[in-house]
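For reference, work-v9.cif (mmCIF, C-alpha atoms):
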```cif
data_query
loop_
_atom_site.group_PDB
_atom_site.id
_atom_site.type_symbol
_atom_site.label_atom_id
_atom_site.label_comp_id
_atom_site.auth_asym_id
_atom_site.auth_seq_id
_atom_site.Cartn_x
_atom_site.Cartn_y
_atom_site.Cartn_z
ATOM 1 C CA ASN H 26 88.836 226.487 120.540
ATOM 2 C CA PRO H 27 90.456 225.138 117.355
ATOM 3 C CA GLY H 28 87.652 222.641 116.779
ATOM 4 C CA PRO H 29 88.244 219.034 115.789
ATOM 5 C CA THR H 30 91.876 218.007 115.928
ATOM 6 C CA SER H 31 93.437 217.692 112.493
ATOM 7 C CA ASN H 32 96.109 215.284 111.347
ATOM 8 C CA GLU H 33 98.371 218.269 110.759
ATOM 9 C CA ARG H 34 97.917 219.496 114.334
ATOM 10 C CA CYS H 35 98.667 216.053 115.739
ATOM 11 C CA GLN H 36 101.753 215.770 113.564
ATOM 12 C CA VAL H 37 103.133 219.124 114.690
ATOM 13 C CA LEU H 38 102.636 218.103 118.320
ATOM 14 C CA ALA H 39 104.317 214.750 117.685
ATOM 15 C CA ASP H 40 107.254 216.507 116.002
ATOM 16 C CA ALA H 41 107.743 218.679 119.090
ATOM 17 C CA ILE H 42 107.641 215.628 121.376
ATOM 18 C CA ARG H 43 110.196 213.856 119.184
ATOM 19 C CA ALA H 44 112.478 216.883 119.315
ATOM 20 C CA VAL H 45 112.379 216.928 123.128
ATOM 21 C CA ASP H 46 112.760 213.127 123.318
ATOM 22 C CA ALA H 47 111.922 213.032 127.041
ATOM 23 C CA ASP H 48 111.793 209.729 128.921
ATOM 24 C CA VAL H 49 108.762 211.009 130.845
ATOM 25 C CA LEU H 50 106.127 213.442 129.572
ATOM 26 C CA ALA H 51 103.652 215.213 131.846
ATOM 27 C CA LEU H 52 100.557 216.449 130.033
ATOM 28 C CA GLN H 53 97.558 218.663 130.730
ATOM 29 C CA GLU H 54 94.178 219.104 129.028
ATOM 30 C CA VAL H 55 94.026 215.573 127.670
ATOM 31 C CA GLU H 56 90.611 214.295 126.607
ATOM 32 C CA SER H 57 91.005 210.772 127.995
ATOM 33 C CA GLU H 58 93.388 207.854 128.332
ATOM 34 C CA GLU H 59 91.783 206.355 125.238
ATOM 35 C CA ALA H 60 92.529 209.511 123.245
ATOM 36 C CA LEU H 61 96.110 209.624 124.524
ATOM 37 C CA ARG H 62 96.734 205.979 123.603
ATOM 38 C CA TRP H 63 95.319 206.665 120.143
ATOM 39 C CA PHE H 64 97.688 209.615 119.719
ATOM 40 C CA ARG H 65 100.671 207.573 120.905
ATOM 41 C CA ASP H 66 99.866 204.605 118.709
ATOM 42 C CA ASN H 67 99.328 206.711 115.584
ATOM 43 C CA TYR H 68 102.047 209.331 115.950
ATOM 44 C CA LEU H 69 104.610 208.118 118.513
ATOM 45 C CA ALA H 70 104.525 204.345 118.158
ATOM 46 C CA ASP H 71 108.317 204.040 117.966
ATOM 47 C CA MET H 72 109.108 206.384 120.880
ATOM 48 C CA GLY H 73 108.974 203.765 123.636
ATOM 49 C CA TYR H 74 106.147 205.315 125.682
ATOM 50 C CA GLU H 75 104.928 201.956 126.903
ATOM 51 C CA TYR H 76 103.375 203.270 130.123
ATOM 52 C CA ILE H 77 100.449 205.678 130.131
ATOM 53 C CA VAL H 78 98.128 207.052 132.776
ATOM 54 C CA SER H 79 95.389 209.671 132.429
ATOM 55 C CA LYS H 80 92.937 210.474 135.221
ATOM 56 C CA ASP H 81 89.852 212.556 135.837
ATOM 57 C CA VAL H 82 91.045 215.430 138.027
ATOM 58 C CA GLY H 83 87.638 216.856 138.895
ATOM 59 C CA TYR H 84 87.452 219.570 136.258
ATOM 60 C CA TYR H 85 83.957 220.385 135.021
ATOM 61 C CA ARG H 86 85.131 220.482 131.383
ATOM 62 C CA GLY H 87 86.270 216.879 131.645
ATOM 63 C CA VAL H 88 89.901 217.255 130.540
ATOM 64 C CA GLU H 89 92.469 215.224 132.431
ATOM 65 C CA GLN H 90 96.068 215.293 133.635
ATOM 66 C CA SER H 91 98.212 212.575 132.109
ATOM 67 C CA LEU H 92 101.646 211.031 131.900
ATOM 68 C CA MET H 93 103.554 208.981 129.307
ATOM 69 C CA SER H 94 106.706 207.154 130.332
ATOM 70 C CA ARG H 95 109.346 204.787 129.026
ATOM 71 C CA PHE H 96 109.616 203.382 132.552
ATOM 72 C CA PRO H 97 107.056 201.600 134.753
ATOM 73 C CA ILE H 98 104.665 203.773 136.764
ATOM 74 C CA SER H 99 102.972 203.148 140.101
ATOM 75 C CA ASP H 100 101.225 204.831 143.054
ATOM 76 C CA VAL H 101 98.835 206.812 140.875
ATOM 77 C CA LYS H 102 96.790 209.269 142.941
ATOM 78 C CA THR H 103 94.541 212.326 142.665
ATOM 79 C CA TRP H 104 92.817 214.522 145.273
ATOM 80 C CA THR H 105 89.590 215.583 143.582
ATOM 81 C CA ASN H 106 87.737 215.940 146.888
ATOM 82 C CA ALA H 107 90.445 217.658 148.932
ATOM 83 C CA ASN H 108 89.110 220.575 150.987
ATOM 84 C CA LEU H 109 91.512 223.510 150.740
ATOM 85 C CA ASP H 110 89.765 225.637 153.377
ATOM 86 C CA ARG H 111 92.203 224.345 155.970
ATOM 87 C CA VAL H 112 95.500 225.408 154.351
ATOM 88 C CA LYS H 113 97.541 227.812 156.469
ATOM 89 C CA ARG H 114 98.400 231.225 155.048
ATOM 90 C CA VAL H 115 101.313 232.494 157.128
ATOM 91 C CA GLY H 116 102.534 236.064 156.768
ATOM 92 C CA GLY H 117 101.299 238.734 154.384
ATOM 93 C CA GLY H 118 100.933 239.230 150.690
ATOM 94 C CA TRP H 119 98.039 236.834 150.130
ATOM 95 C CA ASP H 120 95.091 237.656 147.930
ATOM 96 C CA GLU H 121 91.840 238.078 149.817
ATOM 97 C CA ILE H 122 89.474 235.127 149.658
ATOM 98 C CA PRO H 123 86.004 236.316 148.566
ATOM 99 C CA ALA H 124 83.581 236.665 151.465
ATOM 100 C CA GLY H 125 81.478 233.597 152.057
ATOM 101 C CA THR H 126 83.760 231.284 150.084
ATOM 102 C CA ARG H 127 83.685 227.786 151.560
ATOM 103 C CA ASN H 128 84.654 224.275 150.578
ATOM 104 C CA ILE H 129 87.486 225.300 148.247
ATOM 105 C CA ARG H 130 88.601 222.467 145.939
ATOM 106 C CA PHE H 131 91.329 222.038 143.375
ATOM 107 C CA GLN H 132 90.104 223.364 140.044
ATOM 108 C CA ARG H 133 92.080 220.427 138.658
ATOM 109 C CA SER H 134 93.626 218.046 141.158
ATOM 110 C CA PRO H 135 97.299 217.219 140.783
ATOM 111 C CA LEU H 136 98.019 213.839 139.251
ATOM 112 C CA CYS H 137 100.676 212.128 141.374
ATOM 113 C CA VAL H 138 102.637 209.290 139.773
ATOM 114 C CA THR H 139 105.852 207.482 140.694
ATOM 115 C CA VAL H 140 108.179 206.432 137.865
ATOM 116 C CA LYS H 141 110.702 203.656 138.490
ATOM 117 C CA ALA H 142 113.687 204.138 136.189
ATOM 118 C CA ASN H 143 115.602 201.199 137.668
ATOM 119 C CA ASP H 144 116.053 199.313 140.940
ATOM 120 C CA ASP H 145 118.004 202.235 142.426
ATOM 121 C CA TYR H 146 116.036 205.258 141.226
ATOM 122 C CA GLU H 147 112.430 206.385 141.514
ATOM 123 C CA LEU H 148 110.898 209.754 140.727
ATOM 124 C CA THR H 149 107.562 211.038 142.037
ATOM 125 C CA LEU H 150 105.827 213.613 139.843
ATOM 126 C CA PHE H 151 102.981 215.975 140.690
ATOM 127 C CA VAL H 152 101.455 216.959 137.353
ATOM 128 C CA VAL H 153 99.641 220.237 138.041
ATOM 129 C CA HIS H 154 97.339 222.595 136.169
ATOM 130 C CA HIS H 155 96.488 225.384 138.558
ATOM 131 C CA LYS H 156 93.372 227.547 138.394
ATOM 132 C CA SER H 157 93.526 230.059 135.570
ATOM 133 C CA GLY H 158 92.265 233.619 135.410
ATOM 134 C CA ARG H 159 92.316 236.325 138.059
ATOM 135 C CA ASN H 160 91.580 234.043 141.001
ATOM 136 C CA ARG H 161 95.024 234.305 142.536
ATOM 137 C CA TRP H 162 93.694 233.329 145.978
ATOM 138 C CA HIS H 163 92.590 229.998 144.502
ATOM 139 C CA ARG H 164 96.046 229.277 143.045
ATOM 140 C CA GLU H 165 97.594 230.196 146.383
ATOM 141 C CA ALA H 166 95.396 227.665 148.185
ATOM 142 C CA GLU H 167 96.207 225.002 145.595
ATOM 143 C CA ALA H 168 99.946 225.627 145.884
ATOM 144 C CA LEU H 169 99.845 225.482 149.679
ATOM 145 C CA GLN H 170 98.033 222.157 149.541
ATOM 146 C CA VAL H 171 100.447 220.658 146.997
ATOM 147 C CA MET H 172 103.384 221.680 149.159
ATOM 148 C CA GLU H 173 101.730 219.974 152.131
ATOM 149 C CA TYR H 174 101.656 216.747 150.116
ATOM 150 C CA VAL H 175 105.315 217.232 149.181
ATOM 151 C CA ALA H 176 106.312 217.960 152.787
ATOM 152 C CA ASP H 177 104.477 214.869 154.028
ATOM 153 C CA MET H 178 106.327 212.697 151.530
ATOM 154 C CA LEU H 179 109.697 214.172 152.438
ATOM 155 C CA LYS H 180 108.985 213.754 156.145
ATOM 156 C CA LYS H 181 108.521 210.029 155.571
ATOM 157 C CA ASN H 182 111.512 209.784 153.225
ATOM 158 C CA PRO H 183 113.877 212.799 153.019
ATOM 159 C CA GLU H 184 115.687 211.175 150.076
ATOM 160 C CA ARG H 185 112.593 210.933 147.901
ATOM 161 C CA ASN H 186 112.968 212.499 144.445
ATOM 162 C CA ILE H 187 110.011 214.806 143.786
ATOM 163 C CA VAL H 188 109.076 216.988 140.822
ATOM 164 C CA VAL H 189 106.130 219.401 140.608
ATOM 165 C CA LEU H 190 105.575 220.359 136.988
ATOM 166 C CA GLY H 191 103.025 221.623 134.515
ATOM 167 C CA ASP H 192 100.951 224.741 133.928
ATOM 168 C CA PHE H 193 101.007 226.900 137.073
ATOM 169 C CA ASN H 194 99.059 229.803 135.511
ATOM 170 C CA ALA H 195 101.318 232.110 137.516
ATOM 171 C CA GLN H 196 104.625 233.879 136.982
ATOM 172 C CA PRO H 197 107.743 233.560 139.179
ATOM 173 C CA TRP H 198 106.961 236.681 141.234
ATOM 174 C CA ASP H 199 103.371 235.664 142.036
ATOM 175 C CA ARG H 200 102.542 234.597 145.590
ATOM 176 C CA SER H 201 101.472 231.103 144.543
ATOM 177 C CA MET H 202 104.882 230.498 142.957
ATOM 178 C CA GLN H 203 106.604 231.848 146.060
ATOM 179 C CA VAL H 204 104.841 229.109 148.020
ATOM 180 C CA TYR H 205 106.877 226.589 146.049
ATOM 181 C CA PHE H 206 110.164 228.480 146.090
ATOM 182 C CA ARG H 207 109.986 229.228 149.828
ATOM 183 C CA GLY H 208 109.051 225.600 150.383
ATOM 184 C CA GLY H 209 112.407 224.573 148.913
ATOM 185 C CA MET H 210 111.446 223.791 145.327
ATOM 186 C CA ILE H 211 113.953 224.823 142.656
ATOM 187 C CA ASP H 212 113.089 225.945 139.121
ATOM 188 C CA ALA H 213 114.885 223.431 136.905
ATOM 189 C CA MET H 214 114.717 225.856 133.977
ATOM 190 C CA THR H 215 116.477 228.746 135.696
ATOM 191 C CA CYS H 216 119.400 227.858 133.433
ATOM 192 C CA ARG H 217 117.495 229.434 130.541
ATOM 193 C CA ASN H 218 118.784 232.791 131.836
ATOM 194 C CA HIS H 219 122.413 231.763 132.309
ATOM 195 C CA ASN H 220 124.891 233.506 130.019
ATOM 196 C CA LEU H 221 122.036 235.398 128.385
ATOM 197 C CA ASP H 222 121.206 239.043 128.657
ATOM 198 C CA HIS H 223 117.589 238.147 129.380
ATOM 199 C CA GLY H 224 115.396 238.050 132.476
ATOM 200 C CA ASP H 225 112.140 236.279 133.199
ATOM 201 C CA ALA H 226 110.235 238.912 131.208
ATOM 202 C CA SER H 227 112.222 238.253 128.037
ATOM 203 C CA PRO H 228 110.439 236.698 125.039
ATOM 204 C CA VAL H 229 112.988 233.863 125.037
ATOM 205 C CA CYS H 230 111.696 232.781 128.443
ATOM 206 C CA LYS H 231 107.948 232.946 127.759
ATOM 207 C CA THR H 232 106.180 229.580 127.751
ATOM 208 C CA HIS H 233 102.633 230.552 126.768
ATOM 209 C CA THR H 234 100.854 232.298 123.912
ATOM 210 C CA SER H 235 99.593 234.840 126.457
ATOM 211 C CA ASP H 236 103.184 236.175 126.517
ATOM 212 C CA ARG H 237 103.780 234.917 130.041
ATOM 213 C CA LEU H 238 106.179 232.564 131.819
ATOM 214 C CA ILE H 239 103.711 230.190 133.516
ATOM 215 C CA ASP H 240 105.026 226.655 132.949
ATOM 216 C CA PHE H 241 107.651 225.156 135.254
ATOM 217 C CA ILE H 242 109.549 222.055 136.271
ATOM 218 C CA LEU H 243 110.217 222.378 139.999
ATOM 219 C CA LEU H 244 112.597 219.991 141.795
#
```
Kindly transcribe the structure held in the file into C-alpha cells.
Amino acid sequence: NPGPTSNERCQVLADAIRAVDADVLALQEVESEEALRWFRDNYLADMGYEYIVSKDVGYYRGVEQSLMSRFPISDVKTWTNANLDRVKRVGGGWDEIPAGTRNIRFQRSPLCVTVKANDDYELTLFVVHHKSGRNRWHREAEALQVMEYVADMLKKNPERNIVVLGDFNAQPWDRSMQVYFRGGMIDAMTCRNHNLDHGDASPVCKTHTSDRLIDFILL
C-alpha cells in the first residue's frame, strides 16, 4: 500500500498512458468515477477521453472496474449478484472446490461496456479482475461464467466483436486461462513472442511485479 497518491505517481501513470495512446483504456482498482474524472482532467485533459464509466463490481474493498474511451459507450453492465455455483466443469484438471462452499460470487464482477467507434463498428469489452491468491477454483468458476456471457452474446450475433481483458491473476497454462482459450478466445499479445528467443516465462513477457504473466487482451 503506497499510501496517498502523489503528484509524481500520477504523472508517471499519465506518461505511460500517453505512450500507449490507446483509443480505449480498461482499468482495474479504481477508487471511483469521481477519482477517475479528476485524474483525467488534471493529467490527461488533452487526450480525448471524453467518455468514462466506473462501476462498483461488488468487491469488499470498494475498488471498481472502469473504462475511458475516445468513442461513445453504451450497454454498461455488471453481475455483482451472479451465482457461480451452477457453472459446468466438464472434463478433468479442475481445482477442488472446498467442502461446503455455496453461493459462489465474482470476487469482482466483470464490467461489460460497448464502444461505438463509428456507424459500422462496435466493440464489446469485458473488463475483468479475477480472484487473486491461491483460490484457483474461484478463478475457474469466474472464467466459466464469463465465457457463458460471451457465448450467449455470440449466439445472438455471431459477428459481434468481443474483447475480454484485464488482470486474470493466472498464467497461460492455468486451468482458468484454458477456459478462455478452449472457448475460442485468442491472446492478442501472443505476438510478443514472435521473432524472439523468448517464451511465456521470459522476463520480457512478464506483466506484473510478482514476476508473472497475468494480464491479457483476449479477442
What's the separation between atom CA of Gln196 of chain H and atom CA of Ile239 of chain H, in Å to one decimal place?
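Interatomic distance here is 5.1 Å.
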Measuring atom to atom with only C-alpha atoms, identify which of H:Arg127, H:Arg185, H:Arg111, H:His155 is nearest to Ser201 of chain H.
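Using only C-alpha atoms, Ser201 of chain H sits closest to H:His155.
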Selection result of the PyMOL selection byres ((chain H and resi 33-40) around 9) on this file, as a ChimeraX atom specification
/H:30-32,41-45,64-65,68-69
For Ser99 of chain H, which residue among H:Leu150, H:Met72, H:Leu61, H:Leu169 is the nearest when counting all atoms listed in the file?
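The closest residue to Ser99 of chain H is H:Leu150.
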Calculate how many Å separate atom CA of Thr215 of chain H from atom CA of Arg237 of chain H, rounding to one decimal.
15.2 Å
Between H:Ser134, H:Asn128, H:Asn194, H:Thr139, smallest distance to Arg164 of chain H by all atoms listed in the file belongs to H:Asn194
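Of the listed residues (H:Glu54, H:Glu89, H:Asp192, H:Asp48), H:Asp192 comes nearest to Ser157 of chain H; the distances count only C-alpha atoms.
When all atoms listed in the file are used to compute distances to Val82 of chain H, the closest of the residues H:Phe96, H:Phe151, H:Trp63, H:Trp104 turns out to be H:Trp104.
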